[in-house]
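**Student:** This is structure-v7.txt, which holds compact mmCIF, C-alpha atoms:
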```txt
# COMPACT_ATOMS: atom_id res chain seq x y z
CA MET T 1 11.33 23.79 -11.64
CA LEU T 2 8.85 22.97 -8.88
CA CYS T 3 9.92 21.04 -5.79
CA GLN T 4 7.19 19.70 -3.52
CA ILE T 5 8.27 18.52 -0.07
CA VAL T 6 5.79 16.06 1.41
CA LEU T 7 4.44 16.33 4.95
CA PHE T 8 2.65 13.45 6.68
CA ASP T 9 1.55 13.05 10.29
CA GLY T 10 4.63 12.27 12.38
CA PHE T 11 7.25 13.52 9.91
CA ASP T 12 10.74 14.40 11.16
CA PRO T 13 11.05 18.23 11.19
CA LEU T 14 14.77 18.30 10.34
CA ASP T 15 14.21 15.97 7.37
CA VAL T 16 11.95 18.70 5.98
CA ILE T 17 13.54 21.94 7.15
CA ALA T 18 17.15 21.10 6.18
CA PRO T 19 16.49 20.45 2.46
CA TYR T 20 13.78 23.14 2.38
CA GLU T 21 16.24 25.80 3.58
CA VAL T 22 18.91 24.66 1.12
CA LEU T 23 16.57 24.48 -1.87
CA HIS T 24 14.85 27.77 -0.96
CA ALA T 25 18.26 29.45 -0.79
CA GLY T 26 19.03 27.98 -4.20
CA ALA T 27 15.80 29.51 -5.49
CA MET T 28 16.94 32.91 -4.23
CA ALA T 29 20.37 32.44 -5.82
CA ALA T 30 18.79 31.50 -9.18
CA PRO T 31 15.65 33.66 -9.48
CA GLY T 32 12.88 32.03 -11.47
CA ALA T 33 14.66 28.66 -11.74
CA LEU T 34 13.21 26.88 -8.71
CA ARG T 35 10.16 27.06 -6.47
CA VAL T 36 9.76 25.07 -3.25
CA GLU T 37 6.52 24.33 -1.43
CA LEU T 38 5.28 22.12 1.38
CA VAL T 39 2.46 19.74 0.47
CA SER T 40 0.56 16.73 1.80
CA ALA T 41 -1.33 13.86 0.21
CA ASP T 42 -4.53 15.39 1.60
CA GLY T 43 -4.11 18.99 0.49
CA ALA T 44 -3.65 22.19 2.48
CA ARG T 45 -3.65 21.57 6.24
CA GLU T 46 -1.62 21.80 9.42
CA VAL T 47 0.52 18.66 9.67
CA PRO T 48 1.90 17.60 13.08
CA ALA T 49 5.49 16.45 13.26
CA GLY T 50 6.54 13.39 15.21
CA ALA T 51 7.19 13.36 18.95
CA GLY T 52 4.81 16.29 19.43
CA ALA T 53 7.50 18.71 18.39
CA VAL T 54 5.99 21.20 15.94
CA SER T 55 3.56 21.38 13.06
CA LEU T 56 4.02 22.81 9.59
CA ARG T 57 1.40 23.94 7.13
CA ALA T 58 1.05 22.15 3.82
CA ALA T 59 0.12 24.77 1.24
CA ALA T 60 -1.31 22.38 -1.33
CA ARG T 61 -1.87 18.75 -2.32
CA LEU T 62 1.02 16.73 -3.69
CA ASP T 63 0.68 16.91 -7.48
CA PRO T 64 2.96 14.40 -9.23
CA GLN T 65 1.96 15.72 -12.65
CA ARG T 66 3.12 19.22 -11.76
CA ALA T 67 6.12 18.67 -9.51
CA ASP T 68 9.54 18.18 -11.10
CA LEU T 69 11.03 17.10 -7.77
CA VAL T 70 9.17 15.36 -4.94
CA LEU T 71 10.99 15.05 -1.61
CA VAL T 72 9.85 12.63 1.10
CA PRO T 73 11.08 12.91 4.72
CA GLY T 74 11.24 10.22 7.35
CA ALA T 75 9.47 10.04 10.70
CA ALA T 76 10.37 11.21 14.20
CA GLY T 77 9.73 9.22 17.36
CA PRO T 78 10.94 6.19 19.30
CA LEU T 79 12.86 3.73 17.13
CA GLY T 80 10.57 0.77 17.75
CA ASN T 81 11.48 -2.47 16.00
CA LEU T 82 12.95 -1.44 12.65
CA ALA T 83 13.95 -5.03 11.96
CA ASP T 84 10.28 -6.05 12.04
CA PRO T 85 7.94 -3.14 11.27
CA ASP T 86 4.92 -5.44 11.75
CA ALA T 87 5.85 -6.19 15.36
CA PRO T 88 3.68 -4.59 18.08
CA SER T 89 5.07 -1.16 18.95
CA ASP T 90 4.31 2.18 20.51
CA ALA T 91 1.79 4.13 18.42
CA ASP T 92 4.29 6.99 18.25
CA SER T 93 7.23 4.83 17.13
CA ILE T 94 8.83 5.36 13.75
CA PRO T 95 7.56 2.02 12.30
CA ALA T 96 4.03 2.88 13.42
CA VAL T 97 4.20 6.39 11.94
CA LEU T 98 5.53 5.11 8.63
CA GLY T 99 2.87 2.39 8.62
CA ARG T 100 0.13 4.98 8.98
CA ALA T 101 1.63 7.03 6.16
CA LEU T 102 1.46 3.93 3.97
CA GLY T 103 -2.24 3.68 4.73
CA THR T 104 -2.97 7.07 3.17
CA GLY T 105 -3.07 8.14 -0.46
CA LEU T 106 0.64 8.95 -0.36
CA PRO T 107 2.04 5.70 -1.89
CA ALA T 108 -0.17 6.01 -4.99
CA LEU T 109 0.92 9.62 -5.49
CA LEU T 110 4.59 8.67 -5.08
CA LYS T 111 4.20 5.87 -7.62
CA GLU T 112 2.74 8.41 -10.01
CA ALA T 113 5.76 10.67 -9.43
CA LEU T 114 8.22 7.81 -10.00
CA ASP T 115 6.39 6.75 -13.17
CA ARG T 116 6.35 10.23 -14.66
CA PRO T 117 9.20 10.77 -17.16
CA GLY T 118 11.47 13.66 -16.27
CA SER T 119 10.54 13.89 -12.59
CA THR T 120 12.78 13.02 -9.65
CA VAL T 121 11.83 11.60 -6.26
CA ALA T 122 14.21 12.30 -3.37
CA THR T 123 14.13 11.12 0.23
CA VAL T 124 15.77 11.88 3.55
CA CYS T 125 16.36 9.25 6.23
CA GLY T 126 13.28 7.01 6.58
CA GLY T 127 11.62 8.55 3.54
CA SER T 128 13.19 5.83 1.43
CA LEU T 129 11.52 3.23 3.68
CA VAL T 130 8.14 4.71 2.76
CA LEU T 131 8.91 4.06 -0.90
CA ALA T 132 10.54 0.69 -0.24
CA THR T 133 7.84 -0.81 1.98
CA ALA T 134 5.24 0.34 -0.55
CA GLY T 135 7.10 -1.79 -3.13
CA LEU T 136 8.03 1.21 -5.28
CA ILE T 137 11.83 0.91 -5.47
CA GLU T 138 12.56 -2.79 -5.78
CA GLY T 139 15.92 -3.28 -7.48
CA ARG T 140 16.83 0.40 -7.07
CA HIS T 141 19.91 1.66 -5.20
CA ALA T 142 18.99 3.69 -2.13
CA THR T 143 20.09 4.60 1.36
CA THR T 144 18.46 5.49 4.67
CA HIS T 145 19.44 5.96 8.32
CA HIS T 146 22.09 3.36 9.14
CA LEU T 147 19.74 1.65 11.60
CA GLY T 148 17.26 1.02 8.78
CA LEU T 149 19.61 -0.33 6.12
CA ASP T 150 18.77 -3.98 6.80
CA LEU T 151 15.05 -3.25 6.56
CA LEU T 152 15.60 -1.32 3.34
CA ASP T 153 17.53 -4.23 1.88
CA SER T 154 14.84 -6.72 2.92
CA THR T 155 12.24 -4.91 0.79
CA GLY T 156 14.09 -5.71 -2.43
CA ALA T 157 15.77 -2.33 -2.74
CA ILE T 158 19.58 -2.39 -2.95
CA ALA T 159 20.71 -0.73 0.27
CA VAL T 160 23.90 1.35 0.00
CA ASP T 161 25.71 2.62 3.09
CA ALA T 162 26.43 6.11 1.78
CA ARG T 163 25.53 9.67 2.73
CA VAL T 164 23.74 10.37 -0.57
CA VAL T 165 22.85 7.85 -3.30
CA ASP T 166 22.01 9.14 -6.79
CA ASP T 167 20.14 6.51 -8.80
CA GLY T 168 18.94 8.79 -11.58
CA ASP T 169 15.34 9.77 -10.92
CA LEU T 170 15.68 8.45 -7.34
CA VAL T 171 18.01 10.34 -4.99
CA THR T 172 18.17 9.28 -1.34
CA GLY T 173 19.86 10.63 1.78
CA ALA T 174 20.93 8.78 4.92
CA GLY T 175 20.47 10.07 8.50
CA VAL T 176 18.57 13.27 9.22
CA THR T 177 21.38 15.82 8.77
CA SER T 178 22.06 14.34 5.33
CA GLY T 179 19.12 16.47 4.17
CA LEU T 180 21.59 19.35 3.92
CA ASP T 181 23.92 17.33 1.70
CA LEU T 182 21.03 15.96 -0.34
CA GLY T 183 19.72 19.46 -0.96
CA LEU T 184 23.12 20.74 -2.06
CA HIS T 185 23.59 17.77 -4.38
CA LEU T 186 20.20 18.39 -5.96
CA LEU T 187 21.06 22.06 -6.45
CA GLU T 188 24.36 21.14 -8.10
CA ARG T 189 22.68 18.54 -10.30
CA GLU T 190 19.73 20.70 -11.38
CA LEU T 191 21.03 24.29 -11.24
CA GLY T 192 24.80 23.86 -11.46
CA PRO T 193 27.82 23.89 -9.13
CA ARG T 194 28.05 27.66 -8.80
CA ILE T 195 24.57 27.89 -7.31
CA ALA T 196 25.27 24.94 -4.99
CA HIS T 197 28.60 26.45 -3.93
CA ALA T 198 27.00 29.81 -3.16
CA VAL T 199 24.43 28.12 -0.91
CA GLU T 200 27.11 25.96 0.69
CA ARG T 201 29.03 29.11 1.63
CA LEU T 202 25.88 30.86 2.86
CA PHE T 203 25.11 27.96 5.19
CA ALA T 204 28.76 27.46 6.23
CA HIS T 205 28.26 23.76 5.62
CA GLU T 206 30.60 21.51 3.67
CA ARG T 207 29.11 18.34 2.23
CA ARG T 208 30.40 15.06 3.62
CA GLY T 209 31.44 12.01 1.67
CA THR T 210 31.09 11.14 -2.01
CA VAL T 211 27.71 10.92 -3.70
CA TRP T 212 27.34 7.22 -4.59
CA ARG T 213 26.36 6.29 -8.13
CA ALA T 214 26.33 2.88 -9.83
CA THR T 215 29.04 3.90 -12.30
CA GLY T 216 32.73 3.14 -12.73
CA PRO T 217 34.59 -0.05 -11.85
CA VAL T 218 33.52 -2.12 -8.87
CA PRO T 219 36.19 -1.77 -6.16
CA ALA T 220 38.17 -4.84 -5.16
CA ALA T 221 38.01 -6.01 -1.54
CA PHE T 222 40.50 -4.30 0.73
```
If you took the structure in this file and wrote it as C-alpha cells, what would it be?
**Tutor:**
Amino acid sequence: MLCQIVLFDGFDPLDVIAPYEVLHAGAMAAPGALRVELVSADGAREVPAGAGAVSLRAAARLDPQRADLVLVPGAAGPLGNLADPDAPSDADSIPAVLGRALGTGLPALLKEALDRPGSTVATVCGGSLVLATAGLIEGRHATTHHLGLDLLDSTGAIAVDARVVDDGDLVTGAGVTSGLDLGLHLLERELGPRIAHAVERLFAHERRGTVWRATGPVPAAF
C-alpha cells in the first residue's frame, strides 16, 4: 500500500508530520505492507511551509494512479477571513494560501484520486477545504478545523463537527493535532487494530472521540 502525503507552498507542518510519523511507524510495524512518501503536484522539490517555519522535500510527483492513499494537509498562517475566502486578505493568510494551491495542478490530481476505484483520499484540518472549494466533495460528509466548518458547509459538503469523519473513500480530520488520530484510524482500518495499537503505545497517544460514520440510527435531540 502506497501513501502519498501532498505538500504545497504554505502547508501546515504539523498536518504533515503528525500523520507521516504515525503511518511511517505503522510501516515499520507491518514490514512490506505500507510505504509513505512526501509528494507535490509539481514533482520533486523543496516545498516551503506556511508562516516561514520550515521546508520539506517532496520526493516525487503526486501520482493518483499509483497511490492507494492520498493525504492532503491544510495551510499555516494568519486566519484571514475564513467566512469569505474571496475577501481581500494578507498574502500569507490561510485563505490566500489555499487559494494559491487551488490555482495549481493539485485539484485535478485530487479529482483523479477520488475518481479512482479502491483509492482513499484523507485530509487534515484545512485539507478538506482544498477539496471542498474545488467542488470535489459536494454531498460528502467531512470535517475540518472548527473555525472552518461553516465555510466547509457552504461549499455543499456536509460538515460534521467530529475529530475524524470516515466517509468511505474520504476520511477527514479536524484541527491540526487530529492528524495523529487520523493516522491511527487509517492504520486500524487498513492494517488492523493490532498494528494501530502498537503505534498508539509507541507514541504514548490515545485517540480522542469516536470516529464519525453515517451509519446507525440518527440520535434524537437531547
**Student:** Each residue of stretch 37-137 of chain T with at least one atom at most 12 Å from stretch 189-203 of chain T should appear once, together with its nearest atom pair and the corresponding distance in Å (one decimal); atoms considered: only C-alpha atoms; ordering: chain, then increasing residue number; output as JSON lines.
**Tutor:**
```
{"residue": "T:Asp68", "atom": "CA", "partner": "T:Glu190", "partner_atom": "CA", "distance": 10.5}
{"residue": "T:Leu69", "atom": "CA", "partner": "T:Glu190", "partner_atom": "CA", "distance": 10.1}
{"residue": "T:Gly118", "atom": "CA", "partner": "T:Glu190", "partner_atom": "CA", "distance": 11.9}
{"residue": "T:Ser119", "atom": "CA", "partner": "T:Glu190", "partner_atom": "CA", "distance": 11.5}
{"residue": "T:Thr120", "atom": "CA", "partner": "T:Glu190", "partner_atom": "CA", "distance": 10.5}
```
**Student:** Enumerate, as a list in words, the protein, DNA and RNA residues whose atoms approach (13.8, 3.4, 5.6) to within 8 Å, taking into account only C-alpha atoms and the coordinate frame of the file.
**Tutor:**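 Those within range, by chain then number, are Gly74, Cys125, Gly126, Gly127, Ser128, Leu129, Val130, Ala132, Thr143, Thr144, His145, Gly148, Leu149, Leu151 and Leu152 of chain T.
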**Student:** With all atoms listed in the file as the atoms that count, which of T:Leu109, T:Leu102, T:Ala51, T:Val121 lies nearest to T:Asp90?
**Tutor:**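 Among the listed residues, T:Ala51 lies closest to T:Asp90.
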**Student:** Emit as AutoDock Vina command-line options the padded axis-aligned box for all listed atoms of stretch 142-146 of chain T, 8 Å per side, with centre and edge lengths in Å to one decimal.
**Tutor:**
```
--center_x 20.3 --center_y 4.7 --center_z 3.5 --size_x 19.6 --size_y 18.6 --size_z 27.3
```
**Student:** Pick out the closest residue to T:Thr104 from this set: T:Leu79, T:Ala30, T:Ile17, T:Leu7. Count all atoms listed in the file.
**Tutor:**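 Distance minimum relative to T:Thr104 lands on T:Leu7.
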**Student:** Can you complete the atoms of stretch 102-113 of chain T to all heavy atoms and list them as a compact mmCIF listing (two decimals), keeping the file's coordinate frame?
**Tutor:**
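rebuild.txt, written as the output of this step:
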```
# COMPACT_ATOMS: atom_id res chain seq x y z
N LEU T 102 1.71 4.87 5.06
CA LEU T 102 1.46 3.93 3.97
C LEU T 102 -0.02 3.65 3.78
O LEU T 102 -0.44 3.21 2.70
CB LEU T 102 2.20 2.62 4.23
CG LEU T 102 3.72 2.67 4.10
CD1 LEU T 102 4.36 1.40 4.65
CD2 LEU T 102 4.13 2.88 2.65
N GLY T 103 -0.81 3.91 4.82
CA GLY T 103 -2.24 3.68 4.73
C GLY T 103 -3.02 4.85 4.18
O GLY T 103 -4.25 4.80 4.11
N THR T 104 -2.32 5.90 3.76
CA THR T 104 -2.97 7.07 3.17
C THR T 104 -2.86 7.00 1.64
O THR T 104 -2.42 6.00 1.09
CB THR T 104 -2.30 8.36 3.68
OG1 THR T 104 -0.96 8.45 3.13
CG2 THR T 104 -2.21 8.37 5.20
N GLY T 105 -3.21 8.08 0.99
CA GLY T 105 -3.07 8.14 -0.46
C GLY T 105 -1.67 8.44 -0.93
O GLY T 105 -1.43 8.54 -2.15
N LEU T 106 -0.73 8.56 0.01
CA LEU T 106 0.64 8.95 -0.36
C LEU T 106 1.34 7.95 -1.28
O LEU T 106 1.94 8.36 -2.29
CB LEU T 106 1.46 9.18 0.91
CG LEU T 106 2.92 9.61 0.72
CD1 LEU T 106 3.00 10.90 -0.09
CD2 LEU T 106 3.60 9.80 2.08
N PRO T 107 1.32 6.62 -1.00
CA PRO T 107 2.04 5.70 -1.89
C PRO T 107 1.60 5.79 -3.35
O PRO T 107 2.44 5.74 -4.25
CB PRO T 107 1.73 4.33 -1.29
CG PRO T 107 1.49 4.59 0.16
CD PRO T 107 0.78 5.91 0.19
N ALA T 108 0.30 5.93 -3.60
CA ALA T 108 -0.17 6.01 -4.99
C ALA T 108 0.35 7.28 -5.67
O ALA T 108 0.72 7.25 -6.85
CB ALA T 108 -1.70 5.99 -5.03
N LEU T 109 0.41 8.37 -4.93
CA LEU T 109 0.92 9.62 -5.49
C LEU T 109 2.43 9.52 -5.76
O LEU T 109 2.93 10.03 -6.77
CB LEU T 109 0.63 10.78 -4.55
CG LEU T 109 -0.85 11.16 -4.42
CD1 LEU T 109 -1.05 12.16 -3.28
CD2 LEU T 109 -1.37 11.74 -5.73
N LEU T 110 3.16 8.85 -4.87
CA LEU T 110 4.59 8.67 -5.08
C LEU T 110 4.87 7.75 -6.27
O LEU T 110 5.83 7.98 -7.02
CB LEU T 110 5.24 8.11 -3.81
CG LEU T 110 5.20 9.05 -2.59
CD1 LEU T 110 5.79 8.37 -1.37
CD2 LEU T 110 5.95 10.35 -2.89
N LYS T 111 4.05 6.73 -6.43
CA LYS T 111 4.20 5.87 -7.62
C LYS T 111 3.99 6.68 -8.89
O LYS T 111 4.72 6.52 -9.88
CB LYS T 111 3.21 4.71 -7.57
CG LYS T 111 3.35 3.74 -8.76
CD LYS T 111 2.36 2.61 -8.69
CE LYS T 111 2.64 1.57 -9.78
NZ LYS T 111 2.70 2.14 -11.14
N GLU T 112 3.00 7.56 -8.86
CA GLU T 112 2.74 8.41 -10.01
C GLU T 112 3.95 9.30 -10.31
O GLU T 112 4.32 9.51 -11.47
CB GLU T 112 1.51 9.26 -9.73
CG GLU T 112 0.94 9.97 -10.95
CD GLU T 112 -0.33 10.73 -10.62
OE1 GLU T 112 -1.02 10.38 -9.63
OE2 GLU T 112 -0.65 11.68 -11.37
N ALA T 113 4.58 9.82 -9.25
CA ALA T 113 5.76 10.67 -9.43
C ALA T 113 6.93 9.87 -10.01
O ALA T 113 7.64 10.33 -10.91
CB ALA T 113 6.16 11.30 -8.10
```
